[in-house]
Structures are given as structure tokens and as C-alpha cells.
Amino acid sequence: MKKITVIFCGIAIFCLSFKPVRNVDVYSSDDRKTVNLIGGLSQQDVAEKVLNKLKVLNQYYETNRNYAVDVTHMLFSSVDNPVVEERFTGFYKTMDGMEHSLLLGIETVQNHEIRVNIDTNSHTISISNVQKPVVFSITELKQSMKVSRNIKLSESDSLDIISFEFDVTRYPLYKLDIAISKNRIVSIDMYHAEKTDNNKGEKVYPHTRVEYSNYVENLRMKKRDFDVSDIVVKTDNTYEPDNAYKDYRIYDLRVKK
């Protein structure tokens, strides 16, 4: 596996060291008719608790439009091996609908006029229309609940872990773990159901993780943090690479309104 190709993963370390106050399961499959009462909670109770936590999580990112966070993508040797095979560090910051990020080697800068992506691996620049940030969409999170065969919830005073388990005959993941602290994502783990080659040429089931750390809220950012003038130069309604990127190919992906 020469590079990480999946965004959003993360939490094996927490799974190994975390001791929850209680563990509860809720099964969404139609063939599961029994009601599990663990810690005094029924399946419906757990489903409602999980949905409420996801709503609060989504609400945090919907209402906090000015923050920065460090992002680390990791690829483990396999689902059974905790050795990190590849690691990419980056960041994400946003202010008033503008964004600046570095994720998996791709830098994105968006202001109120344009969105620019720089791929240093392929030496390409793409420009597109401004996109509304949709971080941890409640719609997508609800969809994860809907298609899960099993949902587990672990709670403590400082950390909640929601685990979604999937049908491996229908989905590329068999488990997705989301760790939440202070209503924010701490990490996401993806346990893949399809084998791929590792660096030794062995067929393994990949385990990828994304960790989010060092949140800074109400950050005093300036508009130059979202300035694209040192990347592309605008003439009339066309863009060309700045001198620093003169060897890059540029793609205009804007949708005409």
C-alpha cells in the first residue's frame, strides 16, 4: 500500500486502552428480534442515544465555523497488526465559510470567490466553485446507522465510542469506529473488508485511521490565510498558475451559473 487512499479513520489505540462504563449493543437487522437489556437500556434506548450523540456532534461543527485542527492519517500493516505503515500529517482550518487544509498531500484553499486544490504528486491545480463545508453531515451519519448490522456504544466521562458494523458482502468496511470527546471527533477507524497488498506484497485487510487533535476554537485568522493569489493569477474570468507553480497543469472545474 504505497499511499493512504481513504479519508476518515481512527481509534485502535482507544479501543485497546479504553475501559467503558458500560457496553451496549443494538441490532438493526430484521432477523434480530430479541431485545437486549444491558445497563438497563433497550435497543431503542441505545439507538436514540447514538442518534442524539450524532446530532450533537453535527451541531458542534454546524455552529463552530471558526476553528483549526491538526489531522493525521495513518495506515496500519493490517487489522491485526498495530504497526503504522504510513503516516501523513496535515491540518484543517475554517473561518466564515473559508477553508484551508492539507490532507493526504493535497492542499486546498477556499475563499469567498474560488476554491483551489494543489496536488503536488501529480503537479496539478484545480479550481472550482466555492463549496459549503459539510463536516460530519448528519445525513451521512444517519445513513451509517441505517445500513449497520450492529451498533455498539461505549461511554465514559471523557470519551464516547460509537462502532458501526456492516455486512461485508455489501460494503467495503466491516467496522467503523467513531471516537467523540467534548462533542468533537477525536478519531475515526476504518476496518476494511477487502484485501490489498501491503509494503511486503502480502494480502491483508487494511486498517486506516484519521486522528483530529489540537483543536483551537475562535482562532484569530486573517484573510491572507485563505488568499489564493500566490497559487493562481486571475485575468478577467480565467486563472493561470502563479510563477511558483508555472510547471503545474491547471484544470477549471467551475460550473457556470
# chains A, B, ... in the order shown; residues from 1 in each chain; ligands from 1

$ select_by_dssp --residues "segment 21-252 of chain A" --states "alpha helix (DSSP H)" --output "VMD selection string"
chain A and resid 43 to 63 138 to 147

$ residues_around --residues "segment 198-205 of chain A" --least-positions-apart "2" --cutoff "6 Å" --atoms "only C-alpha atoms" --output "PyMOL selection string"
chain A and resi 1+78-79+192+195-196

$ residues_around --residues "Ile118 of chain A" --least-positions-apart "5" --cutoff "6 Å" --atoms "only C-alpha atoms" --output "compact mmCIF listing (two decimals) with N, CA and C atoms, in the first residue's frame"
# COMPACT_ATOMS: atom_id res chain seq x y z
N ILE A 106 -2.66 16.89 -0.39
CA ILE A 106 -3.42 17.81 -1.23
C ILE A 106 -3.79 19.04 -0.42
N GLU A 107 -3.36 20.20 -0.89
CA GLU A 107 -3.66 21.45 -0.20
C GLU A 107 -4.86 22.11 -0.85
N ILE A 125 -3.23 21.67 -10.55
CA ILE A 125 -4.04 22.61 -9.79
C ILE A 125 -5.44 22.57 -10.38

$ select_by_dssp --residues "segment 39-100 of chain A" --states "strand (DSSP E)" --output "ChimeraX atom specification"
/A:66-78,81-95,98-100

$ write_last_selection --atoms "N, CA and C atoms" --output "mmCIF file, in the first residue's frame"
data_model
loop_
_atom_site.group_PDB
_atom_site.id
_atom_site.type_symbol
_atom_site.label_atom_id
_atom_site.label_comp_id
_atom_site.auth_asym_id
_atom_site.auth_seq_id
_atom_site.Cartn_x
_atom_site.Cartn_y
_atom_site.Cartn_z
ATOM 1 N N ASN A 66 -15.368 28.704 13.067
ATOM 2 C CA ASN A 66 -14.052 29.336 13.153
ATOM 3 C C ASN A 66 -13.174 28.486 14.069
ATOM 4 N N TYR A 67 -12.436 27.558 13.471
ATOM 5 C CA TYR A 67 -11.580 26.695 14.275
ATOM 6 C C TYR A 67 -10.477 26.102 13.395
ATOM 7 N N ALA A 68 -9.494 25.540 14.067
ATOM 8 C CA ALA A 68 -8.407 24.838 13.378
ATOM 9 C C ALA A 68 -8.135 23.536 14.116
ATOM 10 N N VAL A 69 -7.694 22.527 13.383
ATOM 11 C CA VAL A 69 -7.411 21.232 13.987
ATOM 12 C C VAL A 69 -6.311 20.541 13.190
ATOM 13 N N ASP A 70 -5.433 19.823 13.884
ATOM 14 C CA ASP A 70 -4.418 19.010 13.220
ATOM 15 C C ASP A 70 -5.029 17.667 12.834
ATOM 16 N N VAL A 71 -4.660 17.176 11.660
ATOM 17 C CA VAL A 71 -5.222 15.923 11.150
ATOM 18 C C VAL A 71 -4.076 14.974 10.798
ATOM 19 N N THR A 72 -4.156 13.747 11.293
ATOM 20 C CA THR A 72 -3.146 12.734 10.992
ATOM 21 C C THR A 72 -3.821 11.517 10.390
ATOM 22 N N HIS A 73 -3.400 11.145 9.184
ATOM 23 C CA HIS A 73 -3.880 9.930 8.533
ATOM 24 C C HIS A 73 -2.846 8.821 8.745
ATOM 25 N N MET A 74 -3.311 7.641 9.134
ATOM 26 C CA MET A 74 -2.406 6.522 9.356
ATOM 27 C C MET A 74 -2.915 5.266 8.675
ATOM 28 N N LEU A 75 -1.984 4.490 8.174
ATOM 29 C CA LEU A 75 -2.280 3.189 7.599
ATOM 30 C C LEU A 75 -1.519 2.141 8.393
ATOM 31 N N PHE A 76 -2.248 1.181 8.950
ATOM 32 C CA PHE A 76 -1.628 0.114 9.726
ATOM 33 C C PHE A 76 -1.307 -1.072 8.831
ATOM 34 N N SER A 77 -0.385 -1.901 9.281
ATOM 35 C CA SER A 77 0.043 -3.047 8.481
ATOM 36 C C SER A 77 -1.140 -3.934 8.112
ATOM 37 N N SER A 78 -2.071 -4.096 9.044
ATOM 38 C CA SER A 78 -3.287 -4.858 8.800
ATOM 39 C C SER A 78 -4.222 -4.627 9.981
ATOM 40 N N ASN A 81 -2.479 -5.973 13.001
ATOM 41 C CA ASN A 81 -1.130 -5.506 13.316
ATOM 42 C C ASN A 81 -1.163 -4.011 13.629
ATOM 43 N N PRO A 82 -0.777 -3.603 14.853
ATOM 44 C CA PRO A 82 -0.849 -2.190 15.232
ATOM 45 C C PRO A 82 0.289 -1.336 14.702
ATOM 46 N N VAL A 83 1.195 -1.916 13.908
ATOM 47 C CA VAL A 83 2.330 -1.158 13.387
ATOM 48 C C VAL A 83 1.847 -0.186 12.312
ATOM 49 N N VAL A 84 2.239 1.083 12.451
ATOM 50 C CA VAL A 84 1.865 2.095 11.461
ATOM 51 C C VAL A 84 2.790 1.978 10.259
ATOM 52 N N GLU A 85 2.217 1.719 9.097
ATOM 53 C CA GLU A 85 2.995 1.537 7.880
ATOM 54 C C GLU A 85 3.232 2.861 7.159
ATOM 55 N N GLU A 86 2.243 3.735 7.195
ATOM 56 C CA GLU A 86 2.372 5.054 6.594
ATOM 57 C C GLU A 86 1.657 6.069 7.466
ATOM 58 N N ARG A 87 2.174 7.303 7.450
ATOM 59 C CA ARG A 87 1.592 8.366 8.244
ATOM 60 C C ARG A 87 1.686 9.677 7.476
ATOM 61 N N PHE A 88 0.577 10.407 7.434
ATOM 62 C CA PHE A 88 0.537 11.715 6.789
ATOM 63 C C PHE A 88 -0.022 12.720 7.784
ATOM 64 N N THR A 89 0.692 13.795 8.000
ATOM 65 C CA THR A 89 0.209 14.836 8.895
ATOM 66 C C THR A 89 -0.312 16.014 8.078
ATOM 67 N N GLY A 90 -1.330 16.665 8.593
ATOM 68 C CA GLY A 90 -1.908 17.800 7.893
ATOM 69 C C GLY A 90 -2.703 18.664 8.846
ATOM 70 N N PHE A 91 -3.576 19.493 8.286
ATOM 71 C CA PHE A 91 -4.366 20.398 9.116
ATOM 72 C C PHE A 91 -5.649 20.762 8.379
ATOM 73 N N TYR A 92 -6.577 21.307 9.143
ATOM 74 C CA TYR A 92 -7.805 21.857 8.575
ATOM 75 C C TYR A 92 -8.174 23.078 9.397
ATOM 76 N N LYS A 93 -8.484 24.184 8.714
ATOM 77 C CA LYS A 93 -8.946 25.373 9.416
ATOM 78 C C LYS A 93 -10.007 26.063 8.569
ATOM 79 N N THR A 94 -10.947 26.674 9.271
ATOM 80 C CA THR A 94 -12.061 27.301 8.582
ATOM 81 C C THR A 94 -12.481 28.563 9.316
ATOM 82 N N MET A 95 -12.940 29.539 8.551
ATOM 83 C CA MET A 95 -13.426 30.800 9.113
ATOM 84 C C MET A 95 -14.457 31.398 8.164
ATOM 85 N N MET A 98 -14.761 30.065 4.720
ATOM 86 C CA MET A 98 -13.499 29.877 4.008
ATOM 87 C C MET A 98 -12.763 28.688 4.632
ATOM 88 N N GLU A 99 -11.911 28.041 3.837
ATOM 89 C CA GLU A 99 -11.201 26.856 4.299
ATOM 90 C C GLU A 99 -9.755 26.864 3.835
ATOM 91 N N HIS A 100 -8.903 26.248 4.624
ATOM 92 C CA HIS A 100 -7.525 25.985 4.224
ATOM 93 C C HIS A 100 -7.139 24.658 4.868
#

$ residues_around --residues "Pro133 of chain A" --least-positions-apart "2" --cutoff "7 Å" --atoms "only C-alpha atoms" --output "JSON, numbers by chain"
{"A": [97, 131, 135]}

$ closest_residue --among "A:Ala244, A:Val210, A:Leu141, A:Leu103" --to "Asn58 of chain A" --atoms "only C-alpha atoms"
A:Leu141

$ residues_around --residues "segment 157-164 of chain A" --least-positions-apart "6" --cutoff "8 Å" --atoms "only C-alpha atoms" --output "ChimeraX atom specification"
/A:50,144-145,148-151,175-182

$ atom_distance --atom1 "atom CA of Asp252 of chain A" --atom2 "atom CA of Ile127 of chain A"
5.1 Å

$ closest_residue --among "A:Leu153, A:Ile231, A:Val186, A:Ala193" --to "Leu51 of chain A" --atoms "only C-alpha atoms"
A:Leu153

$ atom_distance --atom1 "atom CA of Asp197 of chain A" --atom2 "atom CA of Arg170 of chain A"
21.3 Å
